[in-house]
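Asker: The structure under discussion is supplied below as structure tokens; questions concerning it will follow.
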Amino acid sequence: MPPAPPTDPSREPTISRRGALGVLGAGAAAAVILPRRPRSRAGIPAGRTVIDYWEKWTGPEGDAVQRLVDGFNASQGRIWVRRIPVSDIMSKAMVAISGGDPPDVVGLFSYNVPQFAESKAALALDEFGGAGGGEGGRIDPELYIPAVRRLLSHEGRQWAAVSSVYNLALYYNRAQFRKAGMDPDRPPRTISELDAAAERLMVVGDVGQIEHAGFLQNLPAWWPYFWPIMFGGRLYDPVANRAILTDDATVAAYSWVQSYPRRYGAGATSEFGNVYARSFHSPQDPFSSGACSMIVQGPWIANFLRRYSPEFDYGAAPVPVADHLYDPQKPTGMLEADVLVIPRGCRHPEEAFEFVRHTQWQEVQERLCLEHCKSSPLREVSPGFMESHPNRYVRVHDAISKSPAVEILPQTRVWQPYADMLVGAFDAIWRGADVKPALRTVETRAQALMDQAALRRRQREARG
């Protein structure tokens, strides 16, 4: 059944200015400066409906997205997509929606989906298209890997399409493995094997300074929420809407994290991490420069290795797990995604959906995956996709994405502040704080945010 016309009340923005302030905090909302909508139609063929697409990608990744947009604009003669790079995109999108002047498509993170769905700030994609797939039809959720379907959906409805997906793997320096007398074709599989390899590769100077790191969890310190997954932790119970951070598995994970600064010195490990904090994805990257033998990174690292260290001999494998969890047929990991959402109240929802649907076509998705060096979010890939992929270890990431043991980010609208609090807890634990009390503080505060969000939702629903 086709969607209702834009004049239907269901198409009008229902998130209020007060609601946006509640989402962002008054100070943050006041500081948001929205991107100006381009006024000129220079270069746009006459007769095209122009849709504005806000996207966070910049640099080489943004260039790849622009090529996707150019391909769509050239593929038909009715719609013209205008990509507008936007920083702090979630906040600006929320304010634009509440103000009644949102873009037609916005590129968000998968953890934004619950918030946009519950705030009625997005249009559900199952409102669009006919019953059949293909041109003119709906986006079939069965196209996606099961874990990707979960990332795009909330409470039984699909709210987003996928832009790209990623998970983390252990990248390791094969030459340094050989030099240390280790088999470069047998990377660590379990936490105990990782610890042993890290110890063998670590070089500590006379006064305790780290001259070479085998492995450190603060290189980079971008995903402090990741480690519990590798010990069987959950972070969140969606049925009970409960934060889970003090269970045995999670405490074990952060106790293991703390064992590294205890063994090698909190000051020395922090100093080593700080030296390279601004060097990732550059010629001075701690991994590609040889300063660190093993690192947990996403698939995009292959792009930077090709650019800055084309002769670098590296390998990749699933991130090691607690010994009792190891199953080579079911690699553990966490899947995240960049997503495309159609904001409620946008000017051209039908045209926006036509563009979004185009981005989900296998050929288009695979072209973007190749340029972003990522695995495909789709259940099926074209012949030769893996063989021609610029990341020679794309199969590692693909296996994690498709594994029944893969986890996704907690589907709660307060995930971002929850994750931010975990950054502070990780730092405190690294410096020597008692693990369980530090985690309990975050768990309590995160639960308070979840309870508050649930209460506000019940109040909104009661008001109709």
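Labels for the structure tokens follow display order: chains A, B, ..., residues from 1 in each chain, ligands from 1.
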Write out as a Markdown table the residues of segment 133-235 of chain A that have any atom within 7 Å of an atom of segment 264-283 of chain A, one row each with the nearest atom pair and its distance in Å to one decimal, counting only C-alpha atoms, sorted by chain and then rising number.
Answerer:
| residue | atom | partner | partner_atom | distance |
| --- | --- | --- | --- | --- |
| A:Gly208 | CA | A:Ala268 | CA | 6.9 |
| A:Gln209 | CA | A:Ala268 | CA | 5.5 |
| A:Ile210 | CA | A:Ala268 | CA | 6.3 |
| A:Asn218 | CA | A:Gly273 | CA | 6.2 |
| A:Leu219 | CA | A:Gly273 | CA | 6.0 |
Asker: Next, dump the selected residues to file, keeping only all heavy atoms, as an mmCIF file, in the first residue's frame.
Answerer:
data_model
loop_
_atom_site.group_PDB
_atom_site.id
_atom_site.type_symbol
_atom_site.label_atom_id
_atom_site.label_comp_id
_atom_site.auth_asym_id
_atom_site.auth_seq_id
_atom_site.Cartn_x
_atom_site.Cartn_y
_atom_site.Cartn_z
ATOM 1 N N GLY A 208 61.310 1.322 32.968
ATOM 2 C CA GLY A 208 59.901 0.966 32.931
ATOM 3 C C GLY A 208 59.108 1.525 31.770
ATOM 4 O O GLY A 208 57.905 1.260 31.661
ATOM 5 N N GLN A 209 59.768 2.292 30.890
ATOM 6 C CA GLN A 209 59.042 2.838 29.743
ATOM 7 C C GLN A 209 58.803 1.743 28.706
ATOM 8 O O GLN A 209 59.611 0.834 28.545
ATOM 9 C CB GLN A 209 59.815 4.004 29.117
ATOM 10 C CG GLN A 209 60.982 3.613 28.215
ATOM 11 C CD GLN A 209 62.252 3.275 28.982
ATOM 12 O OE1 GLN A 209 62.231 3.061 30.191
ATOM 13 N NE2 GLN A 209 63.367 3.218 28.266
ATOM 14 N N ILE A 210 57.660 1.830 28.026
ATOM 15 C CA ILE A 210 57.342 0.843 26.992
ATOM 16 C C ILE A 210 57.994 1.292 25.686
ATOM 17 O O ILE A 210 57.685 2.364 25.156
ATOM 18 C CB ILE A 210 55.819 0.694 26.817
ATOM 19 C CG1 ILE A 210 55.216 0.118 28.099
ATOM 20 C CG2 ILE A 210 55.496 -0.208 25.624
ATOM 21 C CD1 ILE A 210 53.712 0.026 28.081
ATOM 22 N N ASN A 218 44.148 0.082 25.251
ATOM 23 C CA ASN A 218 43.927 1.519 25.043
ATOM 24 C C ASN A 218 44.517 2.011 23.722
ATOM 25 O O ASN A 218 44.648 3.206 23.490
ATOM 26 C CB ASN A 218 44.504 2.337 26.207
ATOM 27 C CG ASN A 218 46.023 2.251 26.296
ATOM 28 O OD1 ASN A 218 46.634 1.328 25.747
ATOM 29 N ND2 ASN A 218 46.622 3.199 27.000
ATOM 30 N N LEU A 219 44.866 1.085 22.847
ATOM 31 C CA LEU A 219 45.339 1.420 21.512
ATOM 32 C C LEU A 219 44.424 0.796 20.469
ATOM 33 O O LEU A 219 44.621 -0.371 20.077
ATOM 34 C CB LEU A 219 46.772 0.900 21.311
ATOM 35 C CG LEU A 219 47.912 1.697 21.898
ATOM 36 C CD1 LEU A 219 49.227 0.966 21.683
ATOM 37 C CD2 LEU A 219 47.986 3.078 21.294
#
Asker: Could you please write out, as a PyMOL selection string, every residue of segment 179-330 of chain A that DSSP assigns to alpha helix (DSSP H)?
Answerer: chain A and resi 179+191-201+248-264+266-275+301-308
Asker: Determine which residues of segment 197-242 of chain A receive a DSSP assignment of strand (DSSP E), computed from the backbone, and state them as a PyMOL selection string.
Answerer: chain A and resi 203-204+210-212+235-237+242
Asker: Taking only residues of segment 263-353 of chain A that have an atom at most 12 Å from an atom of segment 57-68 of chain A, what is each one's shortest atom pair and its distance in Å to one decimal, using only C-alpha atoms, in chain and number order, as JSON lines?
Answerer:
{"residue": "A:Trp300", "atom": "CA", "partner": "A:Glu61", "partner_atom": "CA", "distance": 9.7}
{"residue": "A:Asn303", "atom": "CA", "partner": "A:Pro60", "partner_atom": "CA", "distance": 9.7}
{"residue": "A:Phe304", "atom": "CA", "partner": "A:Pro60", "partner_atom": "CA", "distance": 10.4}
{"residue": "A:Arg307", "atom": "CA", "partner": "A:Pro60", "partner_atom": "CA", "distance": 11.4}
{"residue": "A:Asp338", "atom": "CA", "partner": "A:Trp57", "partner_atom": "CA", "distance": 9.8}
{"residue": "A:Val339", "atom": "CA", "partner": "A:Trp57", "partner_atom": "CA", "distance": 11.6}
Asker: Could you give me, as a tab-separated table, every segment 242-358 of chain A residue with an atom at most 7 Å from segment 397-403 of chain A, plus its closest atom pair and distance in Å to one decimal, counting only C-alpha atoms, rows ordered by chain then number?
Answerer:
residue	atom	partner	partner_atom	distance
A:Lys330	CA	A:Ser403	CA	5.4
A:Pro331	CA	A:Ile400	CA	5.5
A:Thr332	CA	A:Ile400	CA	6.4
A:Gly333	CA	A:Ile400	CA	6.1
A:Leu335	CA	A:Ser401	CA	6.4
Asker: Can you pull out the residues contacting Leu170 of chain A? Cut-off 12 Å, using only C-alpha atoms, and skip same-chain residues under 4 positions away; I want them as a short mmCIF file (atom, residue, chain, number, x, y, z; two decimals) with N, CA, C and O atoms, in the first residue's frame.
Answerer:
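Contents of around.cif, freshly written:
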data_model
loop_
_atom_site.label_atom_id
_atom_site.label_comp_id
_atom_site.auth_asym_id
_atom_site.auth_seq_id
_atom_site.Cartn_x
_atom_site.Cartn_y
_atom_site.Cartn_z
N PRO A 187 47.40 -16.88 14.72
CA PRO A 187 47.22 -15.76 15.64
C PRO A 187 46.53 -16.22 16.93
O PRO A 187 45.94 -17.31 16.97
N PRO A 188 46.59 -15.42 17.98
CA PRO A 188 45.90 -15.79 19.23
C PRO A 188 44.41 -15.98 19.01
O PRO A 188 43.77 -15.21 18.28
N ARG A 189 43.85 -16.98 19.65
CA ARG A 189 42.42 -17.28 19.54
C ARG A 189 41.68 -17.03 20.83
O ARG A 189 40.47 -16.78 20.81
N THR A 190 42.38 -17.14 21.94
CA THR A 190 41.76 -16.98 23.25
C THR A 190 42.49 -15.89 24.03
O THR A 190 43.60 -15.48 23.67
N ILE A 191 41.87 -15.45 25.12
CA ILE A 191 42.49 -14.41 25.94
C ILE A 191 43.83 -14.87 26.49
O ILE A 191 44.80 -14.11 26.51
N LEU A 194 46.32 -14.60 23.77
CA LEU A 194 46.62 -13.19 23.51
C LEU A 194 47.58 -12.64 24.56
O LEU A 194 48.55 -11.93 24.23
N PHE A 215 50.52 -5.67 22.83
CA PHE A 215 49.08 -5.39 22.71
C PHE A 215 48.67 -4.56 23.92
O PHE A 215 49.12 -4.81 25.04
N LEU A 216 47.83 -3.57 23.70
CA LEU A 216 47.25 -2.77 24.78
C LEU A 216 45.81 -2.42 24.41
O LEU A 216 45.53 -2.04 23.27
N GLN A 217 44.91 -2.54 25.37
CA GLN A 217 43.51 -2.27 25.10
C GLN A 217 43.21 -0.79 24.92
O GLN A 217 42.11 -0.43 24.48
N LEU A 219 44.87 1.09 22.85
CA LEU A 219 45.34 1.42 21.51
C LEU A 219 44.42 0.80 20.47
O LEU A 219 44.62 -0.37 20.08
N PHE A 287 50.26 0.84 14.75
CA PHE A 287 50.32 -0.51 14.18
C PHE A 287 51.16 -0.52 12.90
O PHE A 287 52.13 -1.27 12.78
N SER A 293 52.42 -4.52 18.02
CA SER A 293 52.34 -5.72 17.18
C SER A 293 50.92 -6.16 16.88
O SER A 293 50.66 -6.77 15.84
N MET A 294 49.99 -5.90 17.79
CA MET A 294 48.61 -6.35 17.64
C MET A 294 47.68 -5.21 18.02
O MET A 294 47.93 -4.49 18.99
N ILE A 295 46.57 -5.09 17.27
CA ILE A 295 45.64 -4.01 17.53
C ILE A 295 44.23 -4.47 17.15
O ILE A 295 44.06 -5.23 16.18
N VAL A 296 43.24 -4.05 17.90
CA VAL A 296 41.84 -4.32 17.56
C VAL A 296 41.34 -3.14 16.74
O VAL A 296 41.33 -2.00 17.22
N GLN A 297 40.95 -3.43 15.51
CA GLN A 297 40.53 -2.36 14.60
C GLN A 297 39.43 -2.85 13.68
O GLN A 297 39.15 -4.05 13.58
N GLY A 298 38.79 -1.88 13.01
CA GLY A 298 37.76 -2.19 12.04
C GLY A 298 38.37 -2.44 10.67
O GLY A 298 39.57 -2.22 10.44
N PRO A 299 37.55 -2.87 9.71
CA PRO A 299 38.07 -3.26 8.39
C PRO A 299 38.67 -2.11 7.61
O PRO A 299 39.48 -2.33 6.71
N ILE A 301 40.91 -0.21 8.38
CA ILE A 301 42.35 -0.08 8.55
C ILE A 301 43.10 -0.54 7.30
O ILE A 301 44.19 -0.05 7.00
N TYR A 314 50.75 -8.07 7.24
CA TYR A 314 49.86 -8.18 8.40
C TYR A 314 48.86 -9.30 8.20
O TYR A 314 48.65 -9.79 7.08
N GLY A 315 48.27 -9.71 9.30
CA GLY A 315 47.19 -10.69 9.27
C GLY A 315 46.02 -10.18 10.09
O GLY A 315 46.11 -9.15 10.76
N ALA A 316 44.92 -10.88 10.03
CA ALA A 316 43.73 -10.51 10.81
C ALA A 316 42.98 -11.77 11.20
O ALA A 316 42.97 -12.77 10.46
N ALA A 317 42.36 -11.72 12.36
CA ALA A 317 41.60 -12.86 12.90
C ALA A 317 40.53 -12.32 13.84
O ALA A 317 40.60 -11.16 14.28
N PRO A 318 39.53 -13.13 14.17
CA PRO A 318 38.56 -12.68 15.17
C PRO A 318 39.27 -12.30 16.47
O PRO A 318 40.29 -12.90 16.83
N VAL A 319 38.73 -11.31 17.16
CA VAL A 319 39.32 -10.90 18.44
C VAL A 319 39.24 -12.08 19.41
O VAL A 319 38.19 -12.73 19.52
N PRO A 320 40.34 -12.39 20.11
CA PRO A 320 40.31 -13.51 21.05
C PRO A 320 39.23 -13.35 22.12
O PRO A 320 38.88 -12.23 22.52
N VAL A 321 38.72 -14.49 22.56
CA VAL A 321 37.65 -14.51 23.56
C VAL A 321 38.12 -15.28 24.79
O VAL A 321 39.16 -15.94 24.77
N THR A 332 32.96 -14.64 17.85
CA THR A 332 32.25 -13.65 18.64
C THR A 332 32.69 -12.25 18.21
O THR A 332 33.83 -12.05 17.81
N GLY A 333 31.80 -11.30 18.29
CA GLY A 333 32.14 -9.92 17.96
C GLY A 333 30.93 -9.04 18.14
O GLY A 333 29.85 -9.49 18.54
N TYR A 393 41.50 -9.60 4.25
CA TYR A 393 40.91 -10.37 5.34
C TYR A 393 39.43 -10.05 5.52
O TYR A 393 38.89 -10.17 6.62
N VAL A 396 37.22 -12.57 7.28
CA VAL A 396 37.19 -12.59 8.75
C VAL A 396 36.02 -11.74 9.25
O VAL A 396 35.23 -12.17 10.10
N HIS A 397 35.89 -10.53 8.71
CA HIS A 397 34.81 -9.65 9.13
C HIS A 397 33.45 -10.20 8.69
O HIS A 397 32.46 -10.10 9.43
N ILE A 400 32.34 -12.93 11.11
CA ILE A 400 31.85 -12.38 12.37
C ILE A 400 30.44 -11.83 12.20
O ILE A 400 29.55 -12.06 13.03
#
Asker: So, with only C-alpha atoms as the atoms that count, which of A:Pro45, A:Arg36, A:Ser87, A:Pro437 lies closest to Ala74 of chain A?
Answerer: A:Pro45
Asker: Show which residues sit within 10 Å of Gly214 of chain A, as a PDB file with C-alpha atoms, in the first residue's frame. Count only C-alpha atoms, and ignore same-chain residues fewer than 3 positions away.
Answerer:
ATOM      1  CA  TYR A 172      48.670  -8.407  13.834  1.00  0.00           C
ATOM      2  CA  ASN A 173      52.150  -7.874  12.466  1.00  0.00           C
ATOM      3  CA  GLN A 176      57.123  -9.334  14.221  1.00  0.00           C
ATOM      4  CA  PHE A 177      55.482 -12.682  14.979  1.00  0.00           C
ATOM      5  CA  LEU A 194      46.615 -13.193  23.508  1.00  0.00           C
ATOM      6  CA  ASP A 195      48.189 -12.494  26.894  1.00  0.00           C
ATOM      7  CA  ALA A 196      51.057 -14.872  26.150  1.00  0.00           C
ATOM      8  CA  ALA A 197      51.693 -13.329  22.734  1.00  0.00           C
ATOM      9  CA  ALA A 198      51.502  -9.787  24.132  1.00  0.00           C
ATOM     10  CA  GLU A 199      54.040 -10.649  26.836  1.00  0.00           C
ATOM     11  CA  ARG A 200      56.416 -12.192  24.324  1.00  0.00           C
ATOM     12  CA  LEU A 201      56.257  -9.146  22.049  1.00  0.00           C
ATOM     13  CA  MET A 202      56.376  -6.436  24.732  1.00  0.00           C
ATOM     14  CA  VAL A 203      59.636  -4.540  25.125  1.00  0.00           C
ATOM     15  CA  ILE A 210      57.342   0.843  26.992  1.00  0.00           C
ATOM     16  CA  ALA A 291      55.267   0.327  17.444  1.00  0.00           C
ATOM     17  CA  CYS A 292      52.521  -2.131  18.409  1.00  0.00           C
ATOM     18  CA  SER A 293      52.338  -5.719  17.177  1.00  0.00           C
ATOM     19  CA  MET A 294      48.610  -6.350  17.636  1.00  0.00           C
ATOM     20  CA  ILE A 295      45.636  -4.014  17.532  1.00  0.00           C
TER      21      ILE A 295
END
Asker: Do a neighbour search on Pro410 of chain A at 10 Å with only C-alpha atoms, toss out local chain neighbours closer than 4 positions, and write the hits as a list in words.
Answerer: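 After dropping sequence-adjacent residues, the list is Ser110, Tyr111, Pro114, Leu151, Arg234, Leu235, Tyr236, Asp237, Pro238, Asn241, Ala243, Val414, Trp415, Gln416, Tyr418 and Ala419 of chain A.
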Asker: Restricting it to N, CA, C and O atoms, dump the selection as a PDB file, in the first residue's frame.
Answerer:
ATOM      1  N   SER A 110      23.753   3.377  13.803  1.00  0.00           N
ATOM      2  CA  SER A 110      22.690   2.423  14.142  1.00  0.00           C
ATOM      3  C   SER A 110      22.164   2.624  15.552  1.00  0.00           C
ATOM      4  O   SER A 110      20.988   2.351  15.824  1.00  0.00           O
ATOM      5  N   TYR A 111      22.999   3.122  16.469  1.00  0.00           N
ATOM      6  CA  TYR A 111      22.504   3.316  17.830  1.00  0.00           C
ATOM      7  C   TYR A 111      21.523   4.485  17.945  1.00  0.00           C
ATOM      8  O   TYR A 111      20.892   4.658  18.979  1.00  0.00           O
ATOM      9  N   PRO A 114      16.790   3.542  17.781  1.00  0.00           N
ATOM     10  CA  PRO A 114      15.732   3.540  18.799  1.00  0.00           C
ATOM     11  C   PRO A 114      15.259   4.940  19.174  1.00  0.00           C
ATOM     12  O   PRO A 114      14.056   5.165  19.370  1.00  0.00           O
ATOM     13  N   LEU A 151      19.781  -4.321  13.666  1.00  0.00           N
ATOM     14  CA  LEU A 151      20.291  -2.963  13.797  1.00  0.00           C
ATOM     15  C   LEU A 151      19.370  -1.931  13.157  1.00  0.00           C
ATOM     16  O   LEU A 151      19.293  -0.790  13.615  1.00  0.00           O
ATOM     17  N   ARG A 234      26.783  -8.849  28.346  1.00  0.00           N
ATOM     18  CA  ARG A 234      25.657  -8.431  27.503  1.00  0.00           C
ATOM     19  C   ARG A 234      25.447  -6.923  27.448  1.00  0.00           C
ATOM     20  O   ARG A 234      24.879  -6.422  26.488  1.00  0.00           O
ATOM     21  N   LEU A 235      25.769  -6.183  28.461  1.00  0.00           N
ATOM     22  CA  LEU A 235      25.602  -4.732  28.561  1.00  0.00           C
ATOM     23  C   LEU A 235      24.155  -4.296  28.779  1.00  0.00           C
ATOM     24  O   LEU A 235      23.885  -3.327  29.492  1.00  0.00           O
ATOM     25  N   TYR A 236      23.195  -5.022  28.161  1.00  0.00           N
ATOM     26  CA  TYR A 236      21.814  -4.548  28.195  1.00  0.00           C
ATOM     27  C   TYR A 236      20.853  -5.710  27.988  1.00  0.00           C
ATOM     28  O   TYR A 236      21.084  -6.587  27.158  1.00  0.00           O
ATOM     29  N   ASP A 237      19.767  -5.709  28.771  1.00  0.00           N
ATOM     30  CA  ASP A 237      18.683  -6.673  28.609  1.00  0.00           C
ATOM     31  C   ASP A 237      17.493  -5.931  28.009  1.00  0.00           C
ATOM     32  O   ASP A 237      16.828  -5.150  28.699  1.00  0.00           O
ATOM     33  N   PRO A 238      17.199  -6.121  26.711  1.00  0.00           N
ATOM     34  CA  PRO A 238      16.120  -5.359  26.076  1.00  0.00           C
ATOM     35  C   PRO A 238      14.732  -5.725  26.588  1.00  0.00           C
ATOM     36  O   PRO A 238      13.820  -4.891  26.557  1.00  0.00           O
ATOM     37  N   ASN A 241      14.626  -3.992  29.916  1.00  0.00           N
ATOM     38  CA  ASN A 241      15.132  -2.626  29.817  1.00  0.00           C
ATOM     39  C   ASN A 241      16.092  -2.341  30.970  1.00  0.00           C
ATOM     40  O   ASN A 241      15.965  -1.354  31.692  1.00  0.00           O
ATOM     41  N   ALA A 243      20.201  -2.105  32.321  1.00  0.00           N
ATOM     42  CA  ALA A 243      21.642  -2.059  32.096  1.00  0.00           C
ATOM     43  C   ALA A 243      22.290  -3.220  32.848  1.00  0.00           C
ATOM     44  O   ALA A 243      21.923  -3.513  33.984  1.00  0.00           O
ATOM     45  N   VAL A 414      19.189   5.524  25.090  1.00  0.00           N
ATOM     46  CA  VAL A 414      20.186   6.200  25.917  1.00  0.00           C
ATOM     47  C   VAL A 414      21.560   5.546  25.772  1.00  0.00           C
ATOM     48  O   VAL A 414      22.423   5.718  26.619  1.00  0.00           O
ATOM     49  N   TRP A 415      21.762   4.798  24.680  1.00  0.00           N
ATOM     50  CA  TRP A 415      23.047   4.134  24.525  1.00  0.00           C
ATOM     51  C   TRP A 415      24.208   5.114  24.486  1.00  0.00           C
ATOM     52  O   TRP A 415      25.271   4.856  25.052  1.00  0.00           O
ATOM     53  N   GLN A 416      24.060   6.265  23.816  1.00  0.00           N
ATOM     54  CA  GLN A 416      25.187   7.171  23.697  1.00  0.00           C
ATOM     55  C   GLN A 416      25.680   7.667  25.061  1.00  0.00           C
ATOM     56  O   GLN A 416      26.887   7.578  25.349  1.00  0.00           O
ATOM     57  N   TYR A 418      25.241   6.186  27.895  1.00  0.00           N
ATOM     58  CA  TYR A 418      25.725   4.967  28.537  1.00  0.00           C
ATOM     59  C   TYR A 418      27.158   4.692  28.083  1.00  0.00           C
ATOM     60  O   TYR A 418      28.070   4.448  28.897  1.00  0.00           O
ATOM     61  N   ALA A 419      27.393   4.749  26.777  1.00  0.00           N
ATOM     62  CA  ALA A 419      28.733   4.506  26.243  1.00  0.00           C
ATOM     63  C   ALA A 419      29.716   5.569  26.726  1.00  0.00           C
ATOM     64  O   ALA A 419      30.875   5.261  27.032  1.00  0.00           O
TER      65      ALA A 419
END
Asker: Just checking: using only C-alpha atoms, which residue out of A:Cys346, A:Val442, A:Val81, A:Ile244 ends up closest to Arg41 of chain A?
Answerer: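 Between A:Cys346, A:Val442, A:Val81, A:Ile244, the residue approaching Arg41 of chain A most closely is A:Val81.
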Asker: Ranking A:Val394, A:Val50, A:Leu168, A:Ile342 by minimum distance to Ser375 of chain A and counting only C-alpha atoms, which one comes first?
Answerer: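 Smallest separation from Ser375 of chain A among the options: A:Val394.
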Asker: Between A:Gly71, A:Gly77, A:Val113, A:Ala147, which has the minimum distance to Arg48 of chain A (counting only C-alpha atoms)?
Answerer: A:Gly77
Asker: Considering only C-alpha atoms, return as a list in words whatever protein or nucleic-acid residues lie within 6 Å of segment 250-258 of chain A, sequence-local ones (same chain, fewer than 3 positions apart) excluded.
Answerer: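 Everything that qualifies: Trp227, Pro228, Phe231, Gly233, Leu245, Thr246, Asp247, Pro261 and Trp430 of chain A.
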Asker: With distances taken over only C-alpha atoms, which residue among A:Gln362, A:Ala124, A:Met230, A:Arg357 lies nearest Pro383 of chain A?
Answerer: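 Checking each of A:Gln362, A:Ala124, A:Met230, A:Arg357 against Pro383 of chain A, counting only C-alpha atoms, the winner is A:Gln362.
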Asker: Compile the contact shell of Trp361 of chain A as JSON, numbers by chain: residues with an atom at most 12 Å away, counting only C-alpha atoms, same-chain residues fewer than 6 positions apart removed.
Answerer: {"A": [68, 72, 133, 134, 135, 138, 139, 140, 143, 144, 161, 162, 163, 354, 355, 367, 368, 376, 377, 378, 380, 381, 382]}
Asker: Export C-alpha atoms of the chosen residues as a PDB file, in the first residue's frame?
Answerer:
ATOM      1  CA  LEU A  68      27.262   6.704  -4.981  1.00  0.00           C
ATOM      2  CA  PHE A  72      22.038   7.609  -8.598  1.00  0.00           C
ATOM      3  CA  GLY A 133      10.805  -6.163  -4.222  1.00  0.00           C
ATOM      4  CA  GLY A 134      12.823  -4.553  -6.953  1.00  0.00           C
ATOM      5  CA  GLU A 135      12.141  -1.204  -8.572  1.00  0.00           C
ATOM      6  CA  ARG A 138       9.595  -2.081  -0.623  1.00  0.00           C
ATOM      7  CA  ILE A 139      13.003  -2.839   0.814  1.00  0.00           C
ATOM      8  CA  ASP A 140      12.902  -6.510   1.694  1.00  0.00           C
ATOM      9  CA  LEU A 143      18.089  -9.074   2.020  1.00  0.00           C
ATOM     10  CA  TYR A 144      20.168  -8.412   5.098  1.00  0.00           C
ATOM     11  CA  ALA A 161      18.436   1.273   5.635  1.00  0.00           C
ATOM     12  CA  VAL A 162      22.078   0.338   5.843  1.00  0.00           C
ATOM     13  CA  SER A 163      24.894   2.554   4.640  1.00  0.00           C
ATOM     14  CA  GLU A 354      13.585   5.990  -4.024  1.00  0.00           C
ATOM     15  CA  PHE A 355      17.169   7.083  -3.348  1.00  0.00           C
ATOM     16  CA  ARG A 367      30.705  -0.818  -4.693  1.00  0.00           C
ATOM     17  CA  LEU A 368      30.532   1.218  -1.479  1.00  0.00           C
ATOM     18  CA  SER A 376      28.694  -6.573   2.842  1.00  0.00           C
ATOM     19  CA  PRO A 377      25.574  -6.207   5.009  1.00  0.00           C
ATOM     20  CA  LEU A 378      23.663  -8.414   2.569  1.00  0.00           C
ATOM     21  CA  GLU A 380      24.377 -12.792  -0.619  1.00  0.00           C
ATOM     22  CA  VAL A 381      27.404 -11.344  -2.374  1.00  0.00           C
ATOM     23  CA  SER A 382      28.303 -11.306  -6.036  1.00  0.00           C
TER      24      SER A 382
END
